[in-house]
Amino acid sequence: MNIVNQLTLRYMKQNKSRTLVTIIGAVISVAMLTAVFTINGSFMDMMQRSTIAYTGKWQAAFKNVAGEDVTNITNTEVIERYDIEHQLGFARLPNSKNGKKPYLYVSEHSNLDVIGGSLTDGRLPQNEHELVLSSQFVETSGVHWQVGDVITLEYGERSGTVDGKKMPLGNNSSYQAEEFFTPKTTKTYTISGIVQAPAREQDAAAAYRAFSGLSKENLRSGSPYTVSVEYMDYKELGNNIYDTSKTIANKVNQVKSNEVNIEYNRNLLLYSGISNDSRFVKTMYLTVFTIGSVILIGSISLIYNAFAISLSQRSRTLGMLSSVGATKQQKRASVFFEAAVIGITAIPTGMLLGSLGIGVTLHLLNPFIQKMFSVSEQMRLVIKPFDIIAVILFSILTLLISAWIPAVRASRITAINAIRQTKDIEIKGKDIRTSKITRRLFGFEAVLGLKNLKRNKHHYRATVFSLAISVILYLSASSFSMYLEKSFNMAQAPIPYDVSVSVNGADLANMKSLTNELMTVKNATTKVKTQIFTAELSLKENEVTTDITSRLTPYQGTYEMSANIISLDDASFTSYLQSAGINEKKLEVGDTVSAVLVNRFTLKEKHIFTDISQLTVAEGTELPFNVNPLDGTKTQGKVRIASITDKRPPNMFRYQETPSTVTLIVSEQGFDKLRQELDNDKLSSLIASEVQFTTVQSAELEKETISILNEYPNVDAYTTNLIEIRQNEKDRATVISVFLYGFVILIGLICTANIINTISTGMALRKREFAMLASIGMTPKSMKRMIRYEGLFYGMKSLIYGLPVSLCVIFIIYKILSRNFSFTFTLPWDAFLLAGMGVFFIVGTTILYANRKQKGQNIVESLKSENS
């Protein structure tokens with residue numbers, strides 16, 4: 001080791017506190033970079049594993065392949081594993097307790113593992129006479145088949161009737177009460193196992209999935225097969241997967257006339273960094289780069305200041321070395337050597353701490369993360385070689401950029417300049433002018449302190465920059481968190497209930513019986529039963545408001561709108577009328593069904609929320625409408641507008657997204673009367689019913705509702721638990737807030753370390769100045785006042801810069817979120833107050849610490865000091 005580097009090491013040991021602060025800042029910087037890259041890698045790994053668990057590990061599937069052409073695909077060298085699939089179709093399921101799924105849908109497979117079949121009992125099928133059932137079938141079908149049972153299935157075709165014509169029903173068609181099943185063939189199987197195949201469960205809406213084996217020797221010529229393939233080292237292939245797959249398909253298509261189609265496992269490829277639409281991948285890397293750039297700026301600020309201060313303190317030493325023959329390269333190398341020593345210590349430590357920190361964080365947040373992304377696999381700590389290399393290179397880049405300017409300045413130090421020390425402070429008279437107002441308001445000590453800040457521009461700007469960055473990041477994080485909470489509250493505000501059961505497509509008697517029984521549940525705080533059908537309105541220009549004429553275009557002189565005619569159960573209807581201040585007797589006039597017109601609501605248009613009204617009709621007006629049943633006929637009816645209100649019924653959302661839908665509220669008796677007038681049978685297919693509950697015991701309520709629904713297997717009904725949805729949103733906000741505030745705290749620590757380093761070292765460098773001021777009669781009290789005013793100016797200047805920039809950032813965050821959520825622009829005033837207090841606390845504490853270190857210094861010794 002040469003003499004220059006030995007002197008550099010000795011100097012770093014002599015200035016332990018500054019060296020330690022610099023290393024700590026660099027460690028935090030490296031730890032943050034490690035966390036950013038690790039989170040990215042861990043997230044992609046979790047999504048890959050979850051995708052494989054859900055869909056299988058295949059990357060490409062060749063569809064519509066003739067049996068004789070399958071080998072042209074499977075014999076390709078780049079393919080590691082494959083599954084050959086053949087669809088057998090629907091088989092009648094005897095004694096199914098689930099009226100919505102009375103079938104099995106069976107497909108044959110040569111290798112079920114490839115498509116994500118996970119065995120839970122028994123073994124996978126080995127030939128065409130063995131069958132595995134899905135776990136969903138075992139849990140919900142009510143058919144008690146077991147592994148080892150021998151069963152016979154009757155295959156056939158489903159069909160329904162449309163306009164008197166028989167039409168085939170495909171995989172996507174749900175079960176219809178009036179559909180037909182035409183048997184074709186039978187086949188006997190031995191049940192060999194139970195599997196979970198989540199991606200295949202929904203392949204047939206009216207059937208449970210089952211899978212049989214397939215022997216490659218028994219492939220039938222001309223029959224369509226699907227070949228799902230796993231490529232060898234598919235990650236190394238990268239985007240070449242698309243070209244490779246097309247080449248294989250083209251090879252088959254040249255031989256046969258039928259067109260082989262390719263389907264890609266796009267989610268697996270996407271989370272592996274492979275995509276022919278690379279926007280997602282680019283977004284991921286852009287996010288990492290952006291966060292890394294912020295870390296880079298904060299880190300460079302700290303480390304650059306450390307080197308610049310080190311250079312100021314070592315300028316005489318470097319000048320002395322220059323006088324005895326040290327070259328520019330040697331002086332420049334001394335600064336880079338200091339950076340290397342810091343890097344050797346900080347990079348491994350930072351990577352270790354960053355990995356440990358993010359590992360613990362992921363472990364604690366895993367339940368939230370799994371719910372947030374609806375995945376089965378946990379997010380585990382994944383550290384990739386590429387990420388390690390990227391962190392190391394990024395950290396080295398940070399140190400090189402930070403050390404570059406001080407290194408160049410070091411190379412230019414001459415013996416004469418070092419003795420004079422004219423380089424650190426180069427000022428002109430106008431640069432340190434201060435306002436007379438400062439003198440009058442604060443006194444001489446404040447003027448002196450302000451002049452000192454101006455002549456030490458480097459330290460002053462570095463400190464102000466660090467403080468301003470801390471303020472901006474803290475306020476941005478606080479506002480983002482506040483707006484997230486507002487957005488969450490708005491997201492749930494339009495839905496005024498906790499659990500709902502929707503009923504569709506049933507005969508009216510069953511629908512009414514089911515909803516009446518649901519109204520008897522015990523674990524609900526409130527219950528509202530609604531019925532709804534949609535009618536068509538043709539309105540003249542004088543019957544609609546300017547809000548409508550400005551948004552809709554008339555058709556042949558009339559405005560075509562729709563009306564949601566909604567009934568409430570008796571108790572809810574009475575309560576609604578009372579809350580709206582409507583006299584119930586108004587609805588008892590005349591023979592025509594009376595309705596309440598909800599004539600004002602909030603309209604959401606392209607993310608803009610506006611309160612509008614729709615109709616200009618007066619109370620007592622009879623409003624005609626048309627209803628178009630599915631049979632193509634048109635039925636006419638009318639309602640009398642008994643009252644007009646702005647009050648929304650309990651089932652109506654806070655806003656709607658179309659101006660053309662009018663809401664009319666009627667009683668349950670009025671709704672039944674309309675049904676009879678309009679022809680019950682024709683209207684039954686258009687009516688939907690829903691029961692909405694609020695509850696504090698959602699799990700118990702769901703059990704109650706499911707128990708009731710099981711008694712109506714032929715009714716198309718489903719339950720929505722909004723409490724669970726809201727909790728998932730809260731979990732998402734929790735995860736985002738933890739990472740957001742963790743990032744801000746670490747950046748804040750870097751900035752705080754920078755501030756402490758800059759101010760405390762600046763104070764240490766001013767020992768001579770303080771001694772000189774004391775020698776000409778400045779009292780300790782005046783000295784303290786001067787330093788306090790310097791701290792005040794630091795804080796004020798950082799807030800002057802930080803607050804406007806923070807306001808801009810907060811406004812940008814607001815505009816981004818307000819595209820989807822309508823709320824007024826508000827500021828987190830408590831965060832502003834804490835930011836201001838925090839700035840002055842950090843500055844004050846640092847100055848107090850630095851002053852105490854200087855306390856008791858001998859004036860003569862300080863004036864003699866070479867490091868001042």
# chains A, B, ... in the order shown; residues from 1 in each chain; ligands from 1

call {"tool": "residues_around", "arguments": {"residues": "Ser782 of chain A", "least_positions_apart": "2", "cutoff": "12 Å", "atoms": "only C-alpha atoms", "output": "CSV table (one decimal) with C-alpha atoms, in the first residue's frame"}}
result
chain,number,residue,atom,x,y,z
A,442,PHE,CA,-33.2,39.5,14.7
A,443,GLY,CA,-30.1,41.5,15.6
A,444,PHE,CA,-26.4,41.4,14.7
A,445,GLU,CA,-26.0,37.7,15.6
A,446,ALA,CA,-28.6,36.7,13.0
A,447,VAL,CA,-26.8,38.8,10.3
A,448,LEU,CA,-23.5,37.2,11.2
A,449,GLY,CA,-25.0,33.7,11.1
A,770,PHE,CA,-15.4,30.8,16.8
A,773,LEU,CA,-15.0,35.8,17.4
A,774,ALA,CA,-14.5,35.1,21.1
A,777,GLY,CA,-15.3,40.1,22.6
A,778,MET,CA,-18.2,38.0,21.4
A,779,THR,CA,-19.9,36.5,24.5
A,780,PRO,CA,-20.9,32.8,24.7
A,784,LYS,CA,-25.2,30.6,20.9
A,785,ARG,CA,-27.8,33.1,19.5
A,786,MET,CA,-25.8,33.3,16.2
A,787,ILE,CA,-25.7,29.5,15.9
A,788,ARG,CA,-29.4,29.2,16.8
A,789,TYR,CA,-30.2,31.7,14.1

call {"tool": "residues_around", "arguments": {"residues": "Ala642 of chain A", "least_positions_apart": "4", "cutoff": "6 Å", "atoms": "only C-alpha atoms", "output": "PyMOL selection string"}}
result
chain A and resi 586-587+594-596+619-620

call {"tool": "atom_distance", "arguments": {"atom1": "atom CA of Met379 of chain A", "atom2": "atom CA of Gly117 of chain A"}}
result
22.0 Å

call {"tool": "residues_around", "arguments": {"residues": "Leu518 of chain A", "least_positions_apart": "4", "cutoff": "10 Å", "atoms": "only C-alpha atoms", "output": "list of chain:residue names"}}
result
A:Val501, A:Lys512, A:Ser513, A:Leu514, A:Lys522, A:Lys527, A:Lys529, A:Glu690, A:Val691, A:Gln692, A:Phe693, A:Glu704, A:Thr705, A:Ile706, A:Ile708, A:Leu709

call {"tool": "write_last_selection", "arguments": {"atoms": "N, CA and C atoms", "output": "PDB file, in the first residue's frame"}}
result
ATOM      1  N   VAL A 501     -77.542 -11.307  -1.494  1.00  0.00           N
ATOM      2  CA  VAL A 501     -77.848 -12.535  -2.230  1.00  0.00           C
ATOM      3  C   VAL A 501     -78.664 -12.124  -3.447  1.00  0.00           C
ATOM      4  N   LYS A 512     -89.718 -15.735  -5.186  1.00  0.00           N
ATOM      5  CA  LYS A 512     -90.374 -15.067  -4.064  1.00  0.00           C
ATOM      6  C   LYS A 512     -90.241 -15.892  -2.789  1.00  0.00           C
ATOM      7  N   SER A 513     -90.387 -17.202  -2.929  1.00  0.00           N
ATOM      8  CA  SER A 513     -90.255 -18.080  -1.769  1.00  0.00           C
ATOM      9  C   SER A 513     -88.852 -18.002  -1.178  1.00  0.00           C
ATOM     10  N   LEU A 514     -87.831 -18.025  -2.059  1.00  0.00           N
ATOM     11  CA  LEU A 514     -86.443 -17.960  -1.594  1.00  0.00           C
ATOM     12  C   LEU A 514     -86.152 -16.635  -0.912  1.00  0.00           C
ATOM     13  N   LYS A 522     -81.279 -14.702  11.073  1.00  0.00           N
ATOM     14  CA  LYS A 522     -81.153 -14.127  12.413  1.00  0.00           C
ATOM     15  C   LYS A 522     -79.910 -13.255  12.592  1.00  0.00           C
ATOM     16  N   LYS A 527     -82.279  -5.720   6.908  1.00  0.00           N
ATOM     17  CA  LYS A 527     -82.559  -6.533   5.719  1.00  0.00           C
ATOM     18  C   LYS A 527     -83.417  -5.717   4.761  1.00  0.00           C
ATOM     19  N   LYS A 529     -85.277  -6.261   0.910  1.00  0.00           N
ATOM     20  CA  LYS A 529     -85.558  -7.117  -0.242  1.00  0.00           C
ATOM     21  C   LYS A 529     -85.998  -6.234  -1.405  1.00  0.00           C
ATOM     22  N   GLU A 690     -83.044  -9.287  -5.142  1.00  0.00           N
ATOM     23  CA  GLU A 690     -81.851  -9.261  -4.305  1.00  0.00           C
ATOM     24  C   GLU A 690     -82.260  -8.972  -2.869  1.00  0.00           C
ATOM     25  N   VAL A 691     -81.580  -9.637  -1.947  1.00  0.00           N
ATOM     26  CA  VAL A 691     -81.759  -9.353  -0.527  1.00  0.00           C
ATOM     27  C   VAL A 691     -80.425  -8.845   0.000  1.00  0.00           C
ATOM     28  N   GLN A 692     -80.458  -7.680   0.627  1.00  0.00           N
ATOM     29  CA  GLN A 692     -79.234  -7.022   1.092  1.00  0.00           C
ATOM     30  C   GLN A 692     -79.255  -6.952   2.615  1.00  0.00           C
ATOM     31  N   PHE A 693     -78.114  -7.263   3.210  1.00  0.00           N
ATOM     32  CA  PHE A 693     -78.013  -7.303   4.664  1.00  0.00           C
ATOM     33  C   PHE A 693     -76.875  -6.407   5.143  1.00  0.00           C
ATOM     34  N   GLU A 704     -75.922 -19.101   7.142  1.00  0.00           N
ATOM     35  CA  GLU A 704     -77.388 -19.135   7.107  1.00  0.00           C
ATOM     36  C   GLU A 704     -77.908 -19.066   5.676  1.00  0.00           C
ATOM     37  N   THR A 705     -77.364 -18.108   4.912  1.00  0.00           N
ATOM     38  CA  THR A 705     -77.864 -17.925   3.542  1.00  0.00           C
ATOM     39  C   THR A 705     -77.538 -19.127   2.663  1.00  0.00           C
ATOM     40  N   ILE A 706     -76.346 -19.706   2.831  1.00  0.00           N
ATOM     41  CA  ILE A 706     -75.973 -20.879   2.022  1.00  0.00           C
ATOM     42  C   ILE A 706     -76.881 -22.057   2.349  1.00  0.00           C
ATOM     43  N   ILE A 708     -79.952 -21.901   3.270  1.00  0.00           N
ATOM     44  CA  ILE A 708     -81.244 -21.650   2.605  1.00  0.00           C
ATOM     45  C   ILE A 708     -81.124 -21.879   1.101  1.00  0.00           C
ATOM     46  N   LEU A 709     -80.035 -21.398   0.493  1.00  0.00           N
ATOM     47  CA  LEU A 709     -79.856 -21.549  -0.957  1.00  0.00           C
ATOM     48  C   LEU A 709     -79.774 -23.016  -1.363  1.00  0.00           C
TER      49      LEU A 709
END

call {"tool": "closest_residue", "arguments": {"among": "A:Ser476, A:Lys63, A:Leu124, A:Val114", "to": "Cys808 of chain A", "atoms": "only C-alpha atoms"}}
result
A:Ser476

call {"tool": "residues_around", "arguments": {"residues": "Gln669 of chain A", "least_positions_apart": "6", "cutoff": "9 Å", "atoms": "only C-alpha atoms", "output": "list in words"}}
result
Ser567, Asp569 and Asp570 of chain A

call {"tool": "write_last_selection", "arguments": {"atoms": "C-alpha atoms", "output": "JSON list (two decimals), in the first residue's frame"}}
result
[["chain", "number", "residue", "atom", "x", "y", "z"],
["A", 567, "SER", "CA", -89.75, -2.53, -5.33],
["A", 569, "ASP", "CA", -90.25, -4.86, 1.00],
["A", 570, "ASP", "CA", -93.01, -3.26, 3.12]]

call {"tool": "residues_around", "arguments": {"residues": "Ser174 of chain A", "least_positions_apart": "4", "cutoff": "9 Å", "atoms": "only C-alpha atoms", "output": "list in words"}}
result
Lys100, Lys101, Leu169, Gly170, Ala204, Ala205, Ala206 and Ala207 of chain A

call {"tool": "select_by_dssp", "arguments": {"residues": "segment 452-652 of chain A", "states": "strand (DSSP E)", "output": "PyMOL selection string"}}
result
chain A and resi 499-504+526-539+559-568+594-598+600-605+608-613+622-627+635-645

call {"tool": "atom_distance", "arguments": {"atom1": "atom CA of Ile401 of chain A", "atom2": "atom CA of Ile469 of chain A"}}
result
19.0 Å

call {"tool": "closest_atom_pairs", "arguments": {"of": "segment 329-411 of chain A", "to": "segment 9-12 of chain A", "cutoff": "9 Å", "atoms": "only C-alpha atoms", "output": "Markdown table"}}
result
| residue | atom | partner | partner_atom | distance |
| --- | --- | --- | --- | --- |
| A:Phe337 | CA | A:Leu9 | CA | 8.9 |
| A:Glu338 | CA | A:Leu9 | CA | 7.5 |
| A:Val341 | CA | A:Leu9 | CA | 8.5 |

call {"tool": "write_last_selection", "arguments": {"atoms": "N, CA and C atoms", "output": "tab-separated table (two decimals), in the first residue's frame"}}
result
chain	number	residue	atom	x	y	z
A	337	PHE	N	-9.71	5.86	-3.19
A	337	PHE	CA	-9.35	4.83	-2.22
A	337	PHE	C	-10.26	4.91	-0.99
A	338	GLU	N	-10.54	6.14	-0.54
A	338	GLU	CA	-11.47	6.31	0.58
A	338	GLU	C	-12.86	5.76	0.24
A	341	VAL	N	-12.72	1.95	0.39
A	341	VAL	CA	-12.76	1.44	1.77
A	341	VAL	C	-14.19	1.47	2.30
